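my_file_7.cif, holding mmCIF, C-alpha atoms:
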```cif
data_work
#
loop_
_atom_site.label_atom_id
_atom_site.label_comp_id
_atom_site.auth_asym_id
_atom_site.auth_seq_id
_atom_site.Cartn_x
_atom_site.Cartn_y
_atom_site.Cartn_z
CA MET A 196 107.41 98.53 145.23
CA VAL A 197 105.64 101.83 144.77
CA SER A 198 106.95 104.21 147.30
CA GLN A 199 104.92 106.21 149.71
CA TYR A 200 106.25 109.21 147.85
CA LEU A 201 104.52 108.14 144.70
CA ARG A 202 101.25 107.61 146.45
CA ILE A 203 101.43 111.03 148.02
CA LEU A 204 102.46 112.63 144.75
CA THR A 205 99.65 110.95 142.88
CA GLY A 206 97.24 111.93 145.58
CA CYS A 207 98.42 115.50 145.39
CA VAL A 208 98.06 115.61 141.65
CA PHE A 209 94.61 114.13 141.99
CA LEU A 210 93.59 116.67 144.60
CA VAL A 211 94.93 119.52 142.51
CA LEU A 212 92.88 118.23 139.62
CA VAL A 213 89.82 117.98 141.82
CA ALA A 214 90.34 121.54 142.84
CA ALA A 215 91.08 122.76 139.34
CA CYS A 216 88.45 120.83 137.46
CA GLY A 217 85.78 120.04 140.01
CA TRP A 218 85.55 123.37 141.76
CA GLY A 219 86.40 125.49 138.78
CA ASP A 220 83.76 124.08 136.47
CA LYS A 221 80.93 122.96 138.64
CA THR A 222 78.18 123.67 136.14
CA ALA A 223 79.66 121.68 133.28
CA SER A 224 77.98 118.42 134.17
CA PRO A 225 75.88 116.89 136.93
CA SER A 226 78.80 114.61 137.66
CA ASP A 227 80.80 117.67 138.67
CA GLU A 228 78.76 118.00 141.79
CA PHE A 229 79.49 116.26 145.01
CA THR A 230 76.78 113.63 145.11
CA ASP A 231 77.14 113.25 148.85
CA GLU A 232 79.68 113.94 151.46
CA SER A 233 81.59 110.72 150.94
CA ARG A 234 81.72 110.62 147.17
CA ILE A 235 83.54 112.90 144.77
CA GLY A 236 82.80 112.98 141.07
CA ILE A 237 84.42 115.24 138.53
CA SER A 238 84.43 115.35 134.77
CA GLY A 239 87.06 116.04 132.20
CA ALA A 240 89.82 115.04 134.57
CA THR A 241 93.48 114.41 133.90
CA LEU A 242 95.68 112.29 136.11
CA GLN A 243 99.43 112.45 135.79
CA GLU A 244 101.70 110.00 137.55
CA TYR A 245 105.41 110.60 138.00
CA ASP A 246 108.16 108.27 139.05
CA GLU A 247 110.63 108.93 141.82
CA ASP A 248 112.84 110.93 139.46
CA GLY A 249 109.98 113.19 138.54
CA THR A 250 109.59 111.70 135.08
CA LEU A 251 106.05 111.46 133.81
CA MET A 252 105.16 107.75 133.64
CA PHE A 253 101.74 108.20 132.11
CA GLN A 254 98.90 110.60 131.74
CA ALA A 255 95.29 109.45 131.99
CA VAL A 256 92.41 111.48 130.66
CA ALA A 257 88.91 110.43 131.63
CA SER A 258 85.44 111.77 131.01
CA SER A 259 84.82 111.41 134.72
CA ILE A 260 86.57 110.29 137.86
CA THR A 261 84.90 109.06 141.00
CA GLN A 262 86.40 108.43 144.39
CA THR A 263 84.54 107.48 147.50
CA GLN A 264 85.68 108.71 150.87
CA ASN A 265 87.53 106.10 152.89
CA SER A 266 88.17 104.22 149.68
CA ASP A 267 91.54 103.77 148.06
CA ARG A 268 89.97 103.17 144.71
CA ILE A 269 89.59 105.69 141.90
CA ASP A 270 87.12 104.87 139.14
CA PHE A 271 87.50 106.33 135.68
CA GLU A 272 85.00 106.46 132.85
CA ASN A 273 86.10 106.59 129.21
CA ILE A 274 89.71 106.53 130.18
CA GLU A 275 92.54 107.18 127.73
CA ILE A 276 96.06 106.62 128.95
CA ASP A 277 98.91 108.18 127.04
CA VAL A 278 102.33 106.60 127.52
CA ALA A 279 105.39 108.24 126.02
CA LEU A 280 108.39 105.91 126.02
CA GLU A 281 112.02 106.99 125.99
CA ASP A 282 112.59 105.73 122.46
CA GLY A 283 109.91 108.05 121.13
CA THR A 284 107.22 105.42 120.82
CA ARG A 285 103.84 106.50 122.12
CA TRP A 286 101.08 104.19 123.29
CA ALA A 287 97.44 105.16 123.64
CA LEU A 288 95.33 102.88 125.83
CA GLU A 289 91.59 103.38 125.61
CA ALA A 290 88.90 101.71 127.69
CA PRO A 291 85.30 102.37 128.68
CA SER A 292 86.30 102.30 132.32
CA GLY A 293 89.34 101.99 134.53
CA VAL A 294 90.25 101.51 138.15
CA ILE A 295 93.30 102.41 140.17
CA GLU A 296 93.61 100.77 143.55
CA MET A 297 95.79 103.01 145.68
CA LYS A 298 96.37 100.30 148.30
CA GLU A 299 97.73 96.87 147.55
CA SER A 300 95.06 94.65 146.05
CA GLU A 301 94.70 91.82 143.60
CA ASP A 302 95.34 94.34 140.82
CA TRP A 303 98.85 94.88 142.11
CA LYS A 304 101.74 92.84 140.86
CA ASP A 305 104.99 92.35 142.76
CA GLY A 306 104.15 95.31 144.93
CA GLN A 307 103.51 97.53 141.94
CA ARG A 308 100.25 99.31 141.38
CA GLN A 309 98.52 98.60 138.10
CA VAL A 310 95.71 100.34 136.28
CA ARG A 311 92.84 98.02 135.55
CA LEU A 312 91.27 98.79 132.18
CA ALA A 313 87.85 97.17 132.07
CA GLY A 314 85.71 96.23 129.10
CA ALA A 315 86.88 96.34 125.52
CA VAL A 316 90.35 97.86 125.50
CA THR A 317 92.28 99.17 122.53
CA ALA A 318 96.00 99.84 122.79
CA THR A 319 97.65 101.55 119.85
CA SER A 320 101.31 102.36 119.38
CA PHE A 321 102.60 105.22 117.30
CA GLU A 322 106.00 106.06 115.94
CA HIS A 323 106.32 109.52 114.42
CA GLU A 324 102.52 109.75 114.61
CA GLU A 325 102.16 106.65 112.44
CA GLN A 326 100.27 103.69 113.86
CA VAL A 327 102.48 100.65 114.26
CA PHE A 328 100.66 98.12 116.42
CA GLN A 329 97.13 97.76 117.63
CA LEU A 330 96.05 95.48 120.43
CA GLN A 331 92.44 94.68 121.19
CA GLY A 332 91.46 92.83 124.31
CA ARG A 333 89.33 92.85 127.38
CA ASP A 334 90.07 93.63 131.00
CA LEU A 335 93.74 94.55 130.71
CA LEU A 336 96.11 95.49 133.46
CA TYR A 337 98.57 98.29 132.72
CA ASN A 338 101.66 98.40 134.92
CA PRO A 339 103.23 101.89 134.77
CA GLU A 340 106.35 100.76 136.66
CA SER A 341 107.30 98.02 134.22
CA GLN A 342 105.47 99.60 131.27
CA SER A 343 103.68 96.36 130.55
CA LEU A 344 100.23 95.16 129.69
CA SER A 345 98.70 91.84 130.67
CA SER A 346 95.37 90.11 130.59
CA GLN A 347 93.81 86.79 131.47
CA SER A 348 91.15 87.38 128.80
CA PRO A 349 91.32 86.73 125.05
CA VAL A 350 93.37 89.20 123.09
CA THR A 351 94.08 90.04 119.47
CA ILE A 352 97.12 91.98 118.36
CA ALA A 353 97.55 93.25 114.83
CA THR A 354 100.73 94.56 113.28
CA ASN A 355 101.51 95.45 109.69
CA SER A 356 102.74 91.92 109.03
CA ALA A 357 101.09 89.64 111.58
CA THR A 358 98.06 88.95 113.69
CA PHE A 359 98.30 87.29 117.10
CA SER A 360 95.47 85.97 119.22
CA ALA A 361 95.47 84.00 122.45
CA GLY A 362 93.63 83.27 125.64
CA ARG A 363 95.92 85.42 127.78
CA PHE A 364 99.02 87.51 127.30
CA GLU A 365 101.77 89.69 128.73
CA PHE A 366 103.37 92.42 126.68
CA ASP A 367 106.29 94.72 127.43
CA LEU A 368 105.67 98.10 125.81
CA GLU A 369 109.36 99.02 125.86
CA THR A 370 111.00 95.86 124.54
CA GLN A 371 107.93 94.76 122.58
CA GLU A 372 108.38 91.27 123.97
CA LEU A 373 105.17 89.32 123.86
CA HIS A 374 104.15 86.19 125.74
CA LEU A 375 100.96 84.53 124.58
CA SER A 376 99.39 81.54 126.30
CA ALA A 377 96.55 79.24 125.41
CA THR A 378 93.56 78.65 127.62
CA ASP A 379 91.02 75.83 127.52
CA THR A 380 88.97 77.74 124.97
CA ASN A 381 91.52 79.88 123.12
CA ARG A 382 94.71 78.54 121.64
CA VAL A 383 97.55 80.73 120.47
CA GLN A 384 97.02 81.59 116.83
CA ILE A 385 99.45 83.57 114.72
CA VAL A 386 99.20 84.57 111.09
CA TYR A 387 102.32 86.09 109.57
CA SER A 388 102.16 87.68 106.16
CA ALA A 389 105.79 88.56 105.71
CA THR A 390 107.17 89.08 102.23
CA ASN A 391 109.97 86.86 101.13
CA PRO A 392 112.08 87.65 98.10
CA MET B 234 99.19 48.03 97.71
CA TYR B 235 102.92 48.20 96.94
CA ARG B 236 104.67 44.82 96.92
CA SER B 237 107.67 45.46 94.80
CA PHE B 238 110.46 47.03 96.81
CA ILE B 239 114.01 47.77 95.78
CA PRO B 240 115.93 48.33 99.00
CA LEU B 241 119.29 50.07 98.68
CA ARG B 242 121.79 50.52 101.47
CA ILE B 243 124.35 53.27 101.12
CA PRO B 244 127.59 52.87 103.08
CA SER B 245 128.12 54.93 106.16
CA SER B 246 129.38 58.50 105.68
CA PHE B 247 128.53 58.36 102.05
CA ARG B 248 126.95 61.51 100.80
CA PHE B 249 124.26 60.78 98.33
CA ALA B 250 123.54 63.56 95.90
CA ALA B 251 120.54 62.01 94.35
CA HIS B 252 120.01 63.65 91.03
CA VAL B 253 118.04 60.61 89.98
CA LEU B 254 115.89 60.92 93.06
CA GLY B 255 115.83 64.63 92.59
CA ALA B 256 114.30 64.08 89.22
CA LEU B 257 111.36 62.62 91.04
CA PHE B 258 110.85 65.96 92.69
CA ILE B 259 110.26 68.31 89.83
CA VAL B 260 109.06 70.79 92.30
CA GLN B 261 106.96 73.84 92.32
CA PHE B 262 107.16 73.99 96.05
CA GLY B 263 104.36 75.80 97.77
CA ILE B 264 106.46 78.21 99.73
CA ALA B 265 107.86 79.70 96.58
CA SER B 266 105.13 82.08 95.63
CA GLU B 267 104.32 85.34 97.34
CA GLN B 268 100.63 84.52 97.15
CA GLN B 269 101.28 81.60 99.46
CA ASN B 270 103.56 83.52 101.74
CA GLU B 271 101.21 83.50 104.69
CA LEU B 272 102.41 81.57 107.70
CA ARG B 273 99.68 80.23 110.00
CA ILE B 274 100.55 78.81 113.39
CA THR B 275 98.50 77.31 116.21
CA ALA B 276 100.18 76.48 119.51
CA ASP B 277 99.96 76.61 123.29
CA ASP B 278 102.64 79.19 123.94
CA PHE B 279 104.41 82.04 122.16
CA HIS B 280 107.48 83.97 123.27
CA GLY B 281 108.80 86.62 120.94
CA THR B 282 108.53 90.10 119.64
CA LEU B 283 105.82 91.54 117.45
CA ASP B 284 108.10 92.16 114.51
CA GLY B 285 110.94 89.74 115.11
CA GLY B 286 111.71 86.13 115.86
CA ALA B 287 109.83 83.88 118.20
CA VAL B 288 109.84 80.55 119.99
CA ILE B 289 106.48 78.83 119.76
CA SER B 290 105.83 75.69 121.74
CA GLY B 291 103.22 73.14 122.73
CA ASN B 292 101.48 71.12 120.03
CA VAL B 293 102.60 73.48 117.33
CA SER B 294 100.97 73.16 113.95
CA LEU B 295 102.20 75.34 111.13
CA GLN B 296 101.03 75.89 107.60
CA HIS B 297 102.98 77.78 104.98
CA GLY B 298 101.69 77.38 101.47
CA GLU B 299 101.73 73.66 100.75
CA LEU B 300 103.95 72.98 103.73
CA GLU B 301 102.38 71.57 106.89
CA LEU B 302 104.44 71.02 109.95
CA ALA B 303 103.71 69.59 113.40
CA ALA B 304 106.23 69.89 116.21
CA ASP B 305 106.74 70.36 119.93
CA GLU B 306 108.61 73.60 119.36
CA VAL B 307 109.14 75.91 116.41
CA ARG B 308 111.63 78.75 116.32
CA ILE B 309 111.03 81.46 113.73
CA VAL B 310 113.93 83.56 112.53
CA MET B 311 113.02 86.68 110.61
CA ASP B 312 115.11 89.14 108.66
CA GLY B 313 113.20 92.39 108.66
CA ASN B 314 109.85 91.61 107.14
CA SER B 315 110.94 88.31 105.58
CA PHE B 316 111.01 84.80 106.96
CA LYS B 317 114.53 83.47 107.14
CA GLU B 318 114.30 80.17 108.89
CA LEU B 319 111.91 77.78 110.62
CA GLN B 320 113.46 75.38 113.11
CA ALA B 321 111.12 72.66 114.32
CA LYS B 322 111.85 70.16 117.07
CA GLY B 323 109.82 67.16 118.12
CA GLU B 324 109.75 63.50 118.98
CA PRO B 325 109.52 63.47 116.06
CA ALA B 326 108.70 66.69 114.25
CA GLN B 327 106.58 65.89 111.25
CA CYS B 328 106.29 67.60 107.93
CA ARG B 329 104.12 67.19 104.87
CA PHE B 330 104.16 69.07 101.62
CA GLU B 331 102.84 68.82 98.11
CA ILE B 332 105.10 69.00 95.11
CA LEU B 333 104.05 69.39 91.53
CA GLU B 334 105.53 66.77 89.28
CA GLU B 335 104.73 67.16 85.62
CA GLY B 336 101.28 68.45 86.40
CA ASN B 337 100.56 65.91 89.13
CA ASN B 338 100.63 66.60 92.83
CA ARG B 339 102.91 64.36 94.84
CA THR B 340 102.67 64.27 98.60
CA VAL B 341 105.88 64.04 100.58
CA VAL B 342 105.74 63.09 104.27
CA ALA B 343 108.81 63.46 106.42
CA GLN B 344 109.80 63.26 110.04
CA ALA B 345 112.91 63.88 112.09
CA THR B 346 114.03 65.10 115.48
CA THR B 347 114.67 68.51 113.96
CA ILE B 348 113.37 69.96 110.73
CA ASN B 349 115.09 73.09 109.53
CA VAL B 350 113.39 75.00 106.74
CA GLN B 351 115.71 77.59 105.23
CA LEU B 352 113.31 79.92 103.52
CA ASP B 353 115.89 82.30 102.13
CA ASN B 354 118.31 79.64 100.86
CA ARG B 355 115.36 77.42 100.01
CA TRP B 356 116.25 74.03 101.36
CA ILE B 357 114.89 71.76 104.06
CA GLU B 358 117.06 69.70 106.36
CA PHE B 359 115.73 66.73 108.30
CA LYS B 360 118.08 65.73 111.09
CA GLY B 361 118.01 62.91 113.62
CA ASN B 362 116.24 59.67 112.70
CA ALA B 363 115.14 61.36 109.52
CA ARG B 364 112.68 59.72 107.21
CA VAL B 365 111.35 61.14 103.96
CA GLU B 366 108.66 59.26 102.16
CA SER B 367 106.79 59.74 98.93
CA ASP B 368 104.68 57.47 96.74
CA ASP B 369 107.52 55.40 95.36
CA ILE B 370 110.48 56.06 97.61
CA THR B 371 111.41 56.13 101.27
CA ILE B 372 114.74 57.43 102.50
CA GLU B 373 115.98 57.06 106.04
CA GLY B 374 119.16 58.47 107.49
CA ASP B 375 120.66 60.72 110.09
CA VAL B 376 120.52 63.76 107.83
CA ILE B 377 118.43 64.31 104.72
CA ARG B 378 118.43 67.57 102.82
CA PHE B 379 116.11 68.66 100.11
CA ASP B 380 117.11 71.53 97.86
CA ILE B 381 113.93 73.17 96.69
CA ASP B 382 115.33 74.96 93.63
CA LYS B 383 117.89 72.39 92.46
CA LYS B 384 115.42 69.59 93.05
CA GLU B 385 118.11 67.54 94.70
CA LEU B 386 117.88 65.26 97.65
CA GLU B 387 120.94 64.54 99.77
CA ALA B 388 121.20 61.98 102.50
CA GLU B 389 124.10 61.27 104.79
CA SER B 390 124.81 59.26 107.86
CA GLY B 391 125.83 61.29 110.81
CA ASP B 392 127.71 60.48 113.96
CA SER B 393 125.53 57.50 114.73
CA GLY B 394 127.08 55.57 111.87
CA LYS B 395 123.69 54.34 110.87
CA GLN B 396 123.55 53.56 107.20
CA ILE B 397 121.31 55.39 104.82
CA GLU B 398 118.43 53.26 103.75
CA ILE B 399 116.57 53.83 100.53
CA LEU B 400 113.48 51.92 99.65
CA MET B 401 112.24 52.28 96.09
CA ARG B 402 108.90 50.92 95.09
CA ASP B 403 108.11 49.77 91.61
CA LEU B 404 105.06 51.84 90.93
CA ASP B 405 104.33 50.16 87.60
CA THR B 406 104.12 46.77 89.30
CA ALA B 407 102.11 48.21 92.14
CA THR B 408 99.74 49.90 89.75
CA THR B 409 99.30 46.68 87.82
CA GLU B 410 98.66 44.73 91.00
CA GLU B 411 96.22 47.31 92.26
CA SER B 412 94.38 47.26 88.94
CA ALA B 413 94.21 43.48 89.06
CA GLU B 414 92.70 43.63 92.53
#
```

Using structure tokens, write down the structure that the file contains.
Amino acid sequence: MVSQYLRILTGCVFLVLVAACGWGDKTASPSDEFTDESRIGISGATLQEYDEDGTLMFQAVASSITQTQNSDRIDFENIEIDVALEDGTRWALEAPSGVIEMKESEDWKDGQRQVRLAGAVTATSFEHEEQVFQLQGRDLLYNPESQSLSSQSPVTIATNSATFSAGRFEFDLETQELHLSATDTNRVQIVYSATNP
Amino acid sequence: MYRSFIPLRIPSSFRFAAHVLGALFIVQFGIASEQQNELRITADDFHGTLDGGAVISGNVSLQHGELELAADEVRIVMDGNSFKELQAKGEPAQCRFEILEEGNNRTVVAQATTINVQLDNRWIEFKGNARVESDDITIEGDVIRFDIDKKELEAESGDSGKQIEILMRDLDTATTEESAE
């Protein structure tokens, strides 16, 4: 379960960013301006979320962020999430839009907040700046606590030696364990092109 | 229509290294070449890693070169970027592959409770109510192994004590009869 501490910390980071980006650069874009009293929009925003130990879990950069007063939802446009794992692997998650629900909602899983990445999503992993895997799907959920991705929509994953596609999936970024499932319209399809001696 | 059968029964626990039968399988097995080294799988469920082994289940159909396989569950074992082993289970798991015999393609159809394709050692093992069938021969037993490179077929009875059964068809007679019809 995400602690109250995390929520506060994230909120603080967000507010600092509002102050730094929104107030400091008001003429950069119309979206920088407060559209009304209950709605805040800023551009070129960065959101950093830390765990309880103070370790950076992920950093999200978006072309704009919008939050409505009395709402626990933050909307991102052109969001790019950068995840640096302990083993040195880096994941870049890109989507046209994203949503973080600060209060428990259907996006949450087992009490953990997830980032909803809407539209066509591309997730790319890098090791030593070299691309290793690329995942293309729609409407993904990114769970920063478990460092996992999931989706109930069709997905395609390409590696150097295989291509996976399925109706829905769950993927652990750290262990690289993948669970693909068929739906009524999309069966699990895998094409390996390994090289045997 | 094949009417001329030569049934042979091999005693229990007798290991049959069938060089004669092996001669029937002068094989250029499809999984041998790198061009045919693509493995295509369709299934209902996949559990595994992106670059390692996996367990694939639910109406699994697999194609690897000239090898086609249908099973309830297939386990893939990989060694780095190479396939090491395919383990298929089913009630029964079914397998079909083409072999090249003196310029002619021969279709082999097999089924067993488990089919183990050793891609690095290059042999296939059919285990549990195994049955391997080609144009002119059918072999049934608890365990049947096919060595891809040596072109040898081995059959043995397992713990069940069930005898190996070999059914050879006289193709010349069959061909004559078919021509007459």

Practice item. Using only C-alpha atoms, find which residues of chain A lie within 6 Å of chain B and jot them down as an MDAnalysis selection string. Key: chainID A and resid 371:377 382:391

Practice item. State, in Å with one decimal place, the distance from CA of Gly236 in chain A to CA of Trp286 in chain A. Key: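 Those two atoms sit 27.0 Å apart.
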
Check your understanding: In Å to one decimal, how far is CA of Glu335 in chain B from CA of Lys360 in chain B?
Key -> 28.8 Å

Exercise for review: Return the single residue from A:Glu340, A:Asp367, A:Asp267, A:Glu325 that is closest to Phe253 in chain A, with distances computed using all atoms listed in the file.
Suggested key: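 Of A:Glu340, A:Asp367, A:Asp267, A:Glu325, the one nearest Phe253 in chain A is A:Glu340, counting all atoms listed in the file.
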
Would you kindly return, as a PDB file with C-alpha atoms, keeping the file's coordinate frame, each protein, DNA or RNA residue with an atom no farther than 12 Å from any atom of Gln254 in chain A, considering only C-alpha atoms and excluding same-chain residues fewer than 5 positions away?
```
ATOM      1  CA  THR A 205      99.650 110.950 142.880  1.00  0.00           C
ATOM      2  CA  VAL A 208      98.060 115.610 141.650  1.00  0.00           C
ATOM      3  CA  PHE A 209      94.610 114.130 141.990  1.00  0.00           C
ATOM      4  CA  ALA A 240      89.820 115.040 134.570  1.00  0.00           C
ATOM      5  CA  THR A 241      93.480 114.410 133.900  1.00  0.00           C
ATOM      6  CA  LEU A 242      95.680 112.290 136.110  1.00  0.00           C
ATOM      7  CA  GLN A 243      99.430 112.450 135.790  1.00  0.00           C
ATOM      8  CA  GLU A 244     101.700 110.000 137.550  1.00  0.00           C
ATOM      9  CA  TYR A 245     105.410 110.600 138.000  1.00  0.00           C
ATOM     10  CA  ILE A 274      89.710 106.530 130.180  1.00  0.00           C
ATOM     11  CA  GLU A 275      92.540 107.180 127.730  1.00  0.00           C
ATOM     12  CA  ILE A 276      96.060 106.620 128.950  1.00  0.00           C
ATOM     13  CA  ASP A 277      98.910 108.180 127.040  1.00  0.00           C
ATOM     14  CA  VAL A 278     102.330 106.600 127.520  1.00  0.00           C
ATOM     15  CA  ALA A 279     105.390 108.240 126.020  1.00  0.00           C
ATOM     16  CA  ARG A 285     103.840 106.500 122.120  1.00  0.00           C
ATOM     17  CA  TRP A 286     101.080 104.190 123.290  1.00  0.00           C
ATOM     18  CA  ALA A 287      97.440 105.160 123.640  1.00  0.00           C
ATOM     19  CA  LEU A 288      95.330 102.880 125.830  1.00  0.00           C
ATOM     20  CA  GLU A 289      91.590 103.380 125.610  1.00  0.00           C
ATOM     21  CA  VAL A 310      95.710 100.340 136.280  1.00  0.00           C
ATOM     22  CA  PRO A 339     103.230 101.890 134.770  1.00  0.00           C
TER      23      PRO A 339
END
```

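Here CA of Arg378 in chain B stands at a distance of 20.9 Å from CA of Asp305 in chain B.
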
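When all atoms listed in the file are used to compute distances to Val294 in chain A, the closest of the residues A:Asp334, A:Asp282, A:Glu369, A:Glu324 turns out to be A:Asp334.
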
Practice item. Apply the PyMOL selection byres ((chain B and resi 303) around 9) to the displayed file and report the matching residues as a PyMOL selection string. Key: chain B and resi 292-296+301-302+304-307+321-323+325-329

Check your understanding: Leaving out Arg308 in chain A and any residue of its chain fewer than 5 positions from it, which residues lie within 10 Å of it when counting all atoms listed in the file, given as a list in words?
Key ->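 Everything that qualifies: Met196, Val197, Arg202, Ile295, Glu296, Met297, Lys298, Glu299, Ser300, Glu301, Asp302, Trp303, Leu336, Tyr337, Asn338, Pro339 and Glu340 of chain A.
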
Enclose all atoms of range 234-242 of chain A listed in the file in an axis-aligned box, grow every side by 3 Å, and hand back centre and edge lengths in Å to one decimal, as JSON.
```
{"center_x": 88.7, "center_y": 113.3, "center_z": 139.7, "size_x": 20.0, "size_y": 11.4, "size_z": 21.0}
```

**Study point:** Output of the PyMOL selection byres ((chain B and resi 372) around 12), listed as a PyMOL selection string
**Key:** chain B and resi 239-243+249+251+254+341-345+359+362-371+373-379+386-390+396-402

Check your understanding: So which residues touch Phe330 in chain B within 6 Å, counting only C-alpha atoms, skipping near sequence neighbours fewer than 6 positions away, as JSON, numbers by chain?
Key -> {"B": [299, 300, 340, 341]}
